[in-house]
>>> print(open('protein.cif').read())   # mmCIF, C-alpha atoms and all ligand atoms
data_coords
loop_
_atom_site.group_PDB
_atom_site.id
_atom_site.type_symbol
_atom_site.label_atom_id
_atom_site.label_comp_id
_atom_site.auth_asym_id
_atom_site.auth_seq_id
_atom_site.Cartn_x
_atom_site.Cartn_y
_atom_site.Cartn_z
ATOM 1 C CA MET A 991 -62.935 88.090 91.023
ATOM 2 C CA ILE A 992 -63.283 87.903 87.239
ATOM 3 C CA PRO A 993 -64.057 91.347 85.833
ATOM 4 C CA THR A 994 -66.252 90.383 82.868
ATOM 5 C CA ALA A 995 -69.313 91.681 84.677
ATOM 6 C CA GLY A 996 -67.595 95.017 85.098
ATOM 7 C CA PHE A 997 -67.286 95.609 81.374
ATOM 8 C CA CYS A 998 -70.139 96.815 79.212
ATOM 9 C CA GLU A 999 -70.885 94.063 76.722
ATOM 10 C CA ASN A 1000 -71.221 96.535 73.859
ATOM 11 C CA LEU A 1001 -67.698 97.818 74.275
ATOM 12 C CA PRO A 1002 -64.724 96.073 72.693
ATOM 13 C CA LYS A 1003 -62.640 94.042 75.116
ATOM 14 C CA PRO A 1004 -59.615 95.847 76.558
ATOM 15 C CA ILE A 1005 -56.340 94.990 74.841
ATOM 16 C CA ILE A 1006 -53.467 93.594 76.908
ATOM 17 C CA VAL A 1007 -49.984 93.380 75.396
ATOM 18 C CA VAL A 1008 -47.526 90.975 77.019
ATOM 19 C CA ASN A 1009 -43.873 91.330 76.097
ATOM 20 C CA PRO A 1010 -41.596 88.281 76.557
ATOM 21 C CA GLY A 1011 -38.144 89.791 77.144
ATOM 22 C CA HIS A 1012 -35.186 89.032 74.860
ATOM 23 C CA GLY A 1013 -35.315 86.540 71.945
ATOM 24 C CA GLY A 1014 -33.161 85.342 69.045
ATOM 25 C CA HIS A 1015 -29.479 86.186 69.548
ATOM 26 C CA ASP A 1016 -30.411 88.086 72.727
ATOM 27 C CA LEU A 1017 -30.497 85.261 75.280
ATOM 28 C CA GLY A 1018 -30.898 87.371 78.443
ATOM 29 C CA ALA A 1019 -29.760 85.878 81.758
ATOM 30 C CA ARG A 1020 -28.522 82.293 81.989
ATOM 31 C CA GLY A 1021 -28.751 79.905 84.945
ATOM 32 C CA ALA A 1022 -26.072 77.462 86.129
ATOM 33 C CA ASP A 1023 -28.243 74.588 84.887
ATOM 34 C CA GLY A 1024 -28.445 76.138 81.434
ATOM 35 C CA THR A 1025 -31.854 77.817 81.737
ATOM 36 C CA ILE A 1026 -32.065 80.723 79.308
ATOM 37 C CA GLU A 1027 -34.135 83.795 80.103
ATOM 38 C CA LYS A 1028 -35.585 84.264 76.594
ATOM 39 C CA ASN A 1029 -37.208 80.789 76.801
ATOM 40 C CA ILE A 1030 -38.677 81.327 80.281
ATOM 41 C CA THR A 1031 -40.115 84.720 79.334
ATOM 42 C CA LEU A 1032 -41.839 83.318 76.235
ATOM 43 C CA ASP A 1033 -43.209 80.297 78.095
ATOM 44 C CA LEU A 1034 -44.589 82.420 80.942
ATOM 45 C CA ALA A 1035 -45.992 85.083 78.586
ATOM 46 C CA ASN A 1036 -47.853 82.382 76.642
ATOM 47 C CA ARG A 1037 -49.387 81.086 79.876
ATOM 48 C CA ILE A 1038 -50.473 84.598 80.904
ATOM 49 C CA ILE A 1039 -52.050 85.185 77.485
ATOM 50 C CA GLU A 1040 -53.956 81.883 77.710
ATOM 51 C CA ASN A 1041 -55.414 82.963 81.061
ATOM 52 C CA LEU A 1042 -56.395 86.413 79.802
ATOM 53 C CA LYS A 1043 -57.814 85.399 76.398
ATOM 54 C CA PRO A 1044 -61.405 84.787 77.542
ATOM 55 C CA ARG A 1045 -61.722 88.311 78.906
ATOM 56 C CA TYR A 1046 -59.443 90.519 76.785
ATOM 57 C CA GLN A 1047 -57.951 90.940 73.376
ATOM 58 C CA THR A 1048 -54.410 89.703 73.929
ATOM 59 C CA ILE A 1049 -51.248 90.333 71.974
ATOM 60 C CA LEU A 1050 -47.726 88.964 72.413
ATOM 61 C CA THR A 1051 -44.964 91.222 71.134
ATOM 62 C CA ARG A 1052 -43.103 88.102 69.999
ATOM 63 C CA THR A 1053 -44.539 84.649 69.504
ATOM 64 C CA GLY A 1054 -41.296 82.760 68.839
ATOM 65 C CA ASP A 1055 -37.547 82.843 69.255
ATOM 66 C CA TYR A 1056 -36.579 85.995 67.375
ATOM 67 C CA PHE A 1057 -35.208 89.392 68.241
ATOM 68 C CA LEU A 1058 -37.245 92.599 68.514
ATOM 69 C CA ASN A 1059 -35.758 95.895 69.542
ATOM 70 C CA ILE A 1060 -37.259 97.857 72.397
ATOM 71 C CA THR A 1061 -38.972 100.422 70.201
ATOM 72 C CA GLU A 1062 -40.685 97.683 68.184
ATOM 73 C CA ARG A 1063 -42.040 96.165 71.395
ATOM 74 C CA THR A 1064 -43.710 99.340 72.672
ATOM 75 C CA SER A 1065 -44.828 100.275 69.140
ATOM 76 C CA ILE A 1066 -46.936 97.099 69.042
ATOM 77 C CA ALA A 1067 -48.697 98.204 72.235
ATOM 78 C CA ASN A 1068 -49.131 101.809 71.073
ATOM 79 C CA TYR A 1069 -50.382 100.835 67.597
ATOM 80 C CA ASN A 1070 -52.984 98.507 69.109
ATOM 81 C CA LYS A 1071 -54.028 101.085 71.733
ATOM 82 C CA ALA A 1072 -53.437 98.608 74.546
ATOM 83 C CA SER A 1073 -54.865 99.233 78.007
ATOM 84 C CA LEU A 1074 -51.823 97.671 79.681
ATOM 85 C CA PHE A 1075 -48.287 96.683 78.655
ATOM 86 C CA VAL A 1076 -46.651 93.950 80.743
ATOM 87 C CA SER A 1077 -43.022 93.093 80.116
ATOM 88 C CA ILE A 1078 -41.729 89.747 81.435
ATOM 89 C CA HIS A 1079 -38.097 89.163 82.423
ATOM 90 C CA THR A 1080 -35.951 87.212 84.864
ATOM 91 C CA SER A 1081 -33.025 88.655 86.817
ATOM 92 C CA GLY A 1082 -29.393 87.692 87.313
ATOM 93 C CA ASN A 1083 -26.910 88.635 90.032
ATOM 94 C CA PHE A 1084 -23.267 87.890 90.853
ATOM 95 C CA ASN A 1085 -24.464 86.735 94.285
ATOM 96 C CA ASN A 1086 -26.229 83.395 93.768
ATOM 97 C CA GLN A 1087 -28.111 83.832 97.067
ATOM 98 C CA THR A 1088 -30.048 86.828 95.744
ATOM 99 C CA SER A 1089 -33.650 85.840 95.121
ATOM 100 C CA GLY A 1090 -37.059 87.411 94.652
ATOM 101 C CA ILE A 1091 -39.567 88.911 92.249
ATOM 102 C CA THR A 1092 -39.261 92.532 91.172
ATOM 103 C CA ILE A 1093 -42.134 94.551 89.715
ATOM 104 C CA SER A 1094 -40.982 97.825 88.204
ATOM 105 C CA TYR A 1095 -42.552 100.936 86.771
ATOM 106 C CA LEU A 1096 -40.805 103.807 85.081
ATOM 107 C CA ASP A 1097 -38.984 106.223 87.351
ATOM 108 C CA ASN A 1098 -40.445 109.624 86.480
ATOM 109 C CA THR A 1099 -37.184 111.363 87.213
ATOM 110 C CA THR A 1100 -35.476 109.467 84.391
ATOM 111 C CA ASP A 1101 -33.982 111.622 81.657
ATOM 112 C CA LEU A 1102 -35.728 109.870 78.785
ATOM 113 C CA SER A 1103 -34.082 111.995 76.128
ATOM 114 C CA ALA A 1104 -30.930 109.925 76.702
ATOM 115 C CA PHE A 1105 -32.766 106.877 75.378
ATOM 116 C CA SER A 1106 -33.206 108.531 71.983
ATOM 117 C CA GLN A 1107 -35.870 106.026 71.154
ATOM 118 C CA SER A 1108 -37.641 107.696 68.285
ATOM 119 C CA PRO A 1109 -35.086 108.591 65.621
ATOM 120 C CA SER A 1110 -37.701 108.996 62.894
ATOM 121 C CA LEU A 1111 -39.335 111.828 64.818
ATOM 122 C CA LYS A 1112 -36.015 113.296 65.814
ATOM 123 C CA ASN A 1113 -34.982 113.462 62.173
ATOM 124 C CA ARG A 1114 -37.882 115.733 61.302
ATOM 125 C CA GLY A 1115 -35.834 118.574 62.587
ATOM 126 C CA ASP A 1116 -38.386 119.483 65.242
ATOM 127 C CA GLY A 1117 -36.805 118.664 68.563
ATOM 128 C CA ASN A 1118 -40.057 119.405 70.382
ATOM 129 C CA ILE A 1119 -41.794 116.445 68.799
ATOM 130 C CA ASN A 1120 -39.204 114.056 70.127
ATOM 131 C CA ILE A 1121 -39.306 115.541 73.604
ATOM 132 C CA LEU A 1122 -43.076 115.092 73.628
ATOM 133 C CA TRP A 1123 -42.714 111.462 72.581
ATOM 134 C CA ASP A 1124 -40.190 110.810 75.309
ATOM 135 C CA GLU A 1125 -42.548 112.357 77.845
ATOM 136 C CA ILE A 1126 -45.541 110.240 76.794
ATOM 137 C CA HIS A 1127 -45.163 107.528 79.396
ATOM 138 C CA LYS A 1128 -44.713 109.972 82.269
ATOM 139 C CA ASN A 1129 -48.484 110.627 82.166
ATOM 140 C CA GLN A 1130 -49.069 106.942 82.770
ATOM 141 C CA ILE A 1131 -46.877 106.414 85.809
ATOM 142 C CA THR A 1132 -49.614 106.772 88.454
ATOM 143 C CA LYS A 1133 -51.652 104.073 86.712
ATOM 144 C CA SER A 1134 -48.537 101.956 86.225
ATOM 145 C CA ILE A 1135 -47.926 102.020 89.985
ATOM 146 C CA GLU A 1136 -51.541 100.950 90.510
ATOM 147 C CA ALA A 1137 -51.085 98.043 88.067
ATOM 148 C CA GLY A 1138 -47.870 97.071 89.848
ATOM 149 C CA LYS A 1139 -49.613 97.096 93.224
ATOM 150 C CA CYS A 1140 -52.430 94.880 91.944
ATOM 151 C CA ILE A 1141 -49.961 92.321 90.590
ATOM 152 C CA GLN A 1142 -47.792 92.547 93.715
ATOM 153 C CA LYS A 1143 -50.786 91.887 95.965
ATOM 154 C CA ARG A 1144 -51.673 88.685 94.105
ATOM 155 C CA LEU A 1145 -48.064 87.435 94.065
ATOM 156 C CA SER A 1146 -47.753 88.173 97.803
ATOM 157 C CA GLN A 1147 -50.807 86.042 98.555
ATOM 158 C CA ASN A 1148 -49.186 82.908 97.086
ATOM 159 C CA SER A 1149 -46.686 81.365 99.499
ATOM 160 C CA GLN A 1150 -44.906 79.447 96.732
ATOM 161 C CA PHE A 1151 -43.156 82.571 95.535
ATOM 162 C CA PRO A 1152 -40.094 84.323 96.963
ATOM 163 C CA LYS A 1153 -40.416 87.812 98.448
ATOM 164 C CA ASN A 1154 -41.317 90.542 95.994
ATOM 165 C CA ARG A 1155 -40.798 94.262 95.730
ATOM 166 C CA LEU A 1156 -42.342 97.078 93.732
ATOM 167 C CA LEU A 1157 -39.990 99.848 92.685
ATOM 168 C CA SER A 1158 -39.302 102.532 90.113
ATOM 169 C CA SER A 1159 -36.500 102.033 87.610
ATOM 170 C CA PRO A 1160 -35.170 103.869 84.557
ATOM 171 C CA LEU A 1161 -36.605 101.234 82.238
ATOM 172 C CA ARG A 1162 -36.145 101.981 78.582
ATOM 173 C CA VAL A 1163 -38.655 99.335 77.464
ATOM 174 C CA LEU A 1164 -41.456 101.135 79.332
ATOM 175 C CA SER A 1165 -40.530 104.689 78.383
ATOM 176 C CA GLY A 1166 -42.262 104.762 75.001
ATOM 177 C CA ALA A 1167 -45.477 103.036 76.102
ATOM 178 C CA ASN A 1168 -48.531 105.270 75.833
ATOM 179 C CA MET A 1169 -50.448 103.264 78.432
ATOM 180 C CA PRO A 1170 -49.848 101.933 81.965
ATOM 181 C CA ALA A 1171 -46.831 99.631 81.827
ATOM 182 C CA VAL A 1172 -44.915 97.411 84.230
ATOM 183 C CA MET A 1173 -41.986 95.034 84.053
ATOM 184 C CA ILE A 1174 -42.041 91.846 86.125
ATOM 185 C CA GLU A 1175 -38.744 90.051 86.779
ATOM 186 C CA VAL A 1176 -40.044 86.714 88.013
ATOM 187 C CA GLY A 1177 -36.913 85.386 89.726
ATOM 188 C CA TYR A 1178 -33.120 85.182 89.605
ATOM 189 C CA LEU A 1179 -31.704 82.611 87.210
ATOM 190 C CA SER A 1180 -28.415 83.068 89.105
ATOM 191 C CA ASN A 1181 -30.114 81.627 92.210
ATOM 192 C CA PRO A 1182 -30.290 77.782 92.080
ATOM 193 C CA ILE A 1183 -33.683 77.641 93.822
ATOM 194 C CA ASP A 1184 -35.248 80.320 91.625
ATOM 195 C CA GLU A 1185 -33.805 78.610 88.537
ATOM 196 C CA LYS A 1186 -35.210 75.226 89.577
ATOM 197 C CA ASN A 1187 -38.623 76.790 90.172
ATOM 198 C CA LEU A 1188 -38.628 78.599 86.834
ATOM 199 C CA ARG A 1189 -37.920 75.279 85.052
ATOM 200 C CA ASN A 1190 -41.027 73.801 86.656
ATOM 201 C CA THR A 1191 -44.121 74.128 84.471
ATOM 202 C CA ASP A 1192 -46.517 73.959 87.442
ATOM 203 C CA TYR A 1193 -44.658 76.837 89.068
ATOM 204 C CA LEU A 1194 -44.811 78.853 85.831
ATOM 205 C CA SER A 1195 -48.555 78.202 85.607
ATOM 206 C CA GLU A 1196 -49.020 79.458 89.178
ATOM 207 C CA LEU A 1197 -46.996 82.570 88.397
ATOM 208 C CA ALA A 1198 -49.080 83.143 85.261
ATOM 209 C CA LYS A 1199 -52.290 82.703 87.250
ATOM 210 C CA GLU A 1200 -51.384 85.299 89.882
ATOM 211 C CA ILE A 1201 -50.045 87.799 87.348
ATOM 212 C CA SER A 1202 -53.266 87.378 85.333
ATOM 213 C CA ASN A 1203 -55.341 87.848 88.505
ATOM 214 C CA GLY A 1204 -53.445 91.056 89.227
ATOM 215 C CA ILE A 1205 -54.122 92.273 85.687
ATOM 216 C CA ASP A 1206 -57.828 91.487 86.201
ATOM 217 C CA ASP A 1207 -57.826 93.457 89.462
ATOM 218 C CA PHE A 1208 -56.195 96.466 87.812
ATOM 219 C CA LEU A 1209 -58.524 96.488 84.799
ATOM 220 C CA LEU A 1210 -61.578 96.093 87.002
ATOM 221 C CA LYS A 1211 -60.453 99.047 89.140
ATOM 222 C CA ALA A 1212 -59.834 101.123 86.022
ATOM 223 C CA GLU A 1213 -63.260 100.219 84.622
ATOM 224 C CA ASN A 1214 -65.015 101.081 87.888
ATOM 225 C CA HIS A 1215 -63.181 104.393 87.972
ATOM 226 C CA ILE A 1216 -64.410 105.258 84.448
ATOM 227 C CA ASN A 1217 -67.989 104.350 85.386
ATOM 228 C CA GLN A 1218 -68.058 106.587 88.465
HETATM 229 ZN ZN ZN A 1301 -34.187 90.349 80.879
#
>>> encode(input="protein.cif", output="structure tokens")
Amino acid sequence: MIPTAGFCENLPKPIIVVNPGHGGHDLGARGADGTIEKNITLDLANRIIENLKPRYQTILTRTGDYFLNITERTSIANYNKASLFVSIHTSGNFNNQTSGITISYLDNTTDLSAFSQSPSLKNRGDGNINILWDEIHKNQITKSIEAGKCIQKRLSQNSQFPKNRLLSSPLRVLSGANMPAVMIEVGYLSNPIDEKNLRNTDYLSELAKEISNGIDDFLLKAENHINQ
């Protein structure tokens, strides 16, 4: 279901930030056939944004082949007051039989202070400010799990895709996001079948469609919750 009817027309459209992992000198994982993660993530993120554009304000953290550090990526989402931050990656494994899609949210037992992701605040000499910043995303984890479940449900309904799992991880890229946030690793470039699929533009479009549907489901649920 498309959630446009769920949103009040007088309100601004929700903002979705999609983050294509890696970029520039940071290639990410590499497949045996030469597929490079940074290219797949940008291609898929562009397809997701195209699907979402009619219903949301959409922002890509990077629009080309250049490097952004992790703090810059979440800062874009925080600055724009996004309703959801979705980070796109692929996986790699020494075992080339390992396959599947992984949807992750931040593990709330992670010691975020180790990430030291906000040096400008840390340098103010008030340690409390930095601790608060590091704790920001922990308030969003329940909603992040909900977003992950919505996306997982849509991916599970499409038989083209390998098995998927939803799990918590100590993900630095999500830790500074002041909104629900998930990472989706859409397949293993180390697996020949996953790599072949991820080189196929029809397959990428299907992935983008189901991820976008899951985002719709989550935003519609969130909107209904606010209206109750
Ligand atoms: Zn990656």
>>> residues_near_ligand(input="protein.cif", ligand="ligand ZN 1301 (chain A)", cutoff="7 Å", atoms="all atoms listed in the file", output="list in words")
Gly1011, His1012, Gly1018, Ala1019, Glu1027, His1079, Thr1080 and Ser1081 of chain A
>>> atom_distance(input="protein.cif", atom1="atom CA of A:Ala1072", atom2="atom CA of A:Leu1042")
13.6 Å
>>> resolve_selection(input="protein.cif", expression="the PyMOL selection byres (((chain A and resi 1187-1203) around 6) and not hetatm)", output="list in words")
Arg1037, Ile1038, Ile1141, Arg1144, Leu1145, Asp1184, Glu1185, Lys1186, Gly1204, Ile1205 and Asp1206 of chain A
>>> residues_near_point(input="protein.cif", point="(-44.1, 83.0, 69.0)", cutoff="12 Å", atoms="all atoms listed in the file", output="MDAnalysis selection string")
chainID A and resid 1008:1010 1013:1014 1028:1029 1031:1036 1039 1049:1058
>>> closest_residue(input="protein.cif", among="A:Ile1131, A:Ile1174, A:Ile1091, A:Leu1096", to="A:Gln1150", atoms="all atoms listed in the file")
A:Ile1091
>>> resolve_selection(input="protein.cif", expression="the PyMOL selection byres (((chain A and resi 1088) around 10) and not hetatm)", output="PyMOL selection string")
chain A and resi 1081-1087+1089-1090+1177-1182+1184
>>> resolve_selection(input="protein.cif", expression="the PyMOL selection byres (((chain A and resi 1155-1170) around 9) and not hetatm)", output="PyMOL selection string")
chain A and resi 1060-1061+1063-1065+1067-1068+1071-1077+1090-1102+1105+1107-1108+1123-1139+1142+1153-1154+1171-1173
>>> write_last_selection(input="protein.cif", atoms="C-alpha atoms", output="mmCIF file, keeping the file's coordinate frame")
data_model
loop_
_atom_site.group_PDB
_atom_site.id
_atom_site.type_symbol
_atom_site.label_atom_id
_atom_site.label_comp_id
_atom_site.auth_asym_id
_atom_site.auth_seq_id
_atom_site.Cartn_x
_atom_site.Cartn_y
_atom_site.Cartn_z
ATOM 1 C CA ILE A 1060 -37.259 97.857 72.397
ATOM 2 C CA THR A 1061 -38.972 100.422 70.201
ATOM 3 C CA ARG A 1063 -42.040 96.165 71.395
ATOM 4 C CA THR A 1064 -43.710 99.340 72.672
ATOM 5 C CA SER A 1065 -44.828 100.275 69.140
ATOM 6 C CA ALA A 1067 -48.697 98.204 72.235
ATOM 7 C CA ASN A 1068 -49.131 101.809 71.073
ATOM 8 C CA LYS A 1071 -54.028 101.085 71.733
ATOM 9 C CA ALA A 1072 -53.437 98.608 74.546
ATOM 10 C CA SER A 1073 -54.865 99.233 78.007
ATOM 11 C CA LEU A 1074 -51.823 97.671 79.681
ATOM 12 C CA PHE A 1075 -48.287 96.683 78.655
ATOM 13 C CA VAL A 1076 -46.651 93.950 80.743
ATOM 14 C CA SER A 1077 -43.022 93.093 80.116
ATOM 15 C CA GLY A 1090 -37.059 87.411 94.652
ATOM 16 C CA ILE A 1091 -39.567 88.911 92.249
ATOM 17 C CA THR A 1092 -39.261 92.532 91.172
ATOM 18 C CA ILE A 1093 -42.134 94.551 89.715
ATOM 19 C CA SER A 1094 -40.982 97.825 88.204
ATOM 20 C CA TYR A 1095 -42.552 100.936 86.771
ATOM 21 C CA LEU A 1096 -40.805 103.807 85.081
ATOM 22 C CA ASP A 1097 -38.984 106.223 87.351
ATOM 23 C CA ASN A 1098 -40.445 109.624 86.480
ATOM 24 C CA THR A 1099 -37.184 111.363 87.213
ATOM 25 C CA THR A 1100 -35.476 109.467 84.391
ATOM 26 C CA ASP A 1101 -33.982 111.622 81.657
ATOM 27 C CA LEU A 1102 -35.728 109.870 78.785
ATOM 28 C CA PHE A 1105 -32.766 106.877 75.378
ATOM 29 C CA GLN A 1107 -35.870 106.026 71.154
ATOM 30 C CA SER A 1108 -37.641 107.696 68.285
ATOM 31 C CA TRP A 1123 -42.714 111.462 72.581
ATOM 32 C CA ASP A 1124 -40.190 110.810 75.309
ATOM 33 C CA GLU A 1125 -42.548 112.357 77.845
ATOM 34 C CA ILE A 1126 -45.541 110.240 76.794
ATOM 35 C CA HIS A 1127 -45.163 107.528 79.396
ATOM 36 C CA LYS A 1128 -44.713 109.972 82.269
ATOM 37 C CA ASN A 1129 -48.484 110.627 82.166
ATOM 38 C CA GLN A 1130 -49.069 106.942 82.770
ATOM 39 C CA ILE A 1131 -46.877 106.414 85.809
ATOM 40 C CA THR A 1132 -49.614 106.772 88.454
ATOM 41 C CA LYS A 1133 -51.652 104.073 86.712
ATOM 42 C CA SER A 1134 -48.537 101.956 86.225
ATOM 43 C CA ILE A 1135 -47.926 102.020 89.985
ATOM 44 C CA GLU A 1136 -51.541 100.950 90.510
ATOM 45 C CA ALA A 1137 -51.085 98.043 88.067
ATOM 46 C CA GLY A 1138 -47.870 97.071 89.848
ATOM 47 C CA LYS A 1139 -49.613 97.096 93.224
ATOM 48 C CA GLN A 1142 -47.792 92.547 93.715
ATOM 49 C CA LYS A 1153 -40.416 87.812 98.448
ATOM 50 C CA ASN A 1154 -41.317 90.542 95.994
ATOM 51 C CA ALA A 1171 -46.831 99.631 81.827
ATOM 52 C CA VAL A 1172 -44.915 97.411 84.230
ATOM 53 C CA MET A 1173 -41.986 95.034 84.053
#
>>> atom_distance(input="protein.cif", atom1="atom CA of A:Tyr1069", atom2="atom CA of A:Lys1043")
19.3 Å
>>> residues_around(input="protein.cif", residues="A:Lys1003", least_positions_apart="3", cutoff="7 Å", atoms="only C-alpha atoms", output="list in words")
Arg1045, Tyr1046 and Gln1047 of chain A
>>> closest_residue(input="protein.cif", among="A:Glu1062, A:Ile1078, A:Ile1006, A:Phe1151", to="A:Asn1041", atoms="only C-alpha atoms")
A:Ile1006
>>> atom_distance(input="protein.cif", atom1="atom CA of A:Val1176", atom2="atom CA of A:Ile1030")
9.5 Å
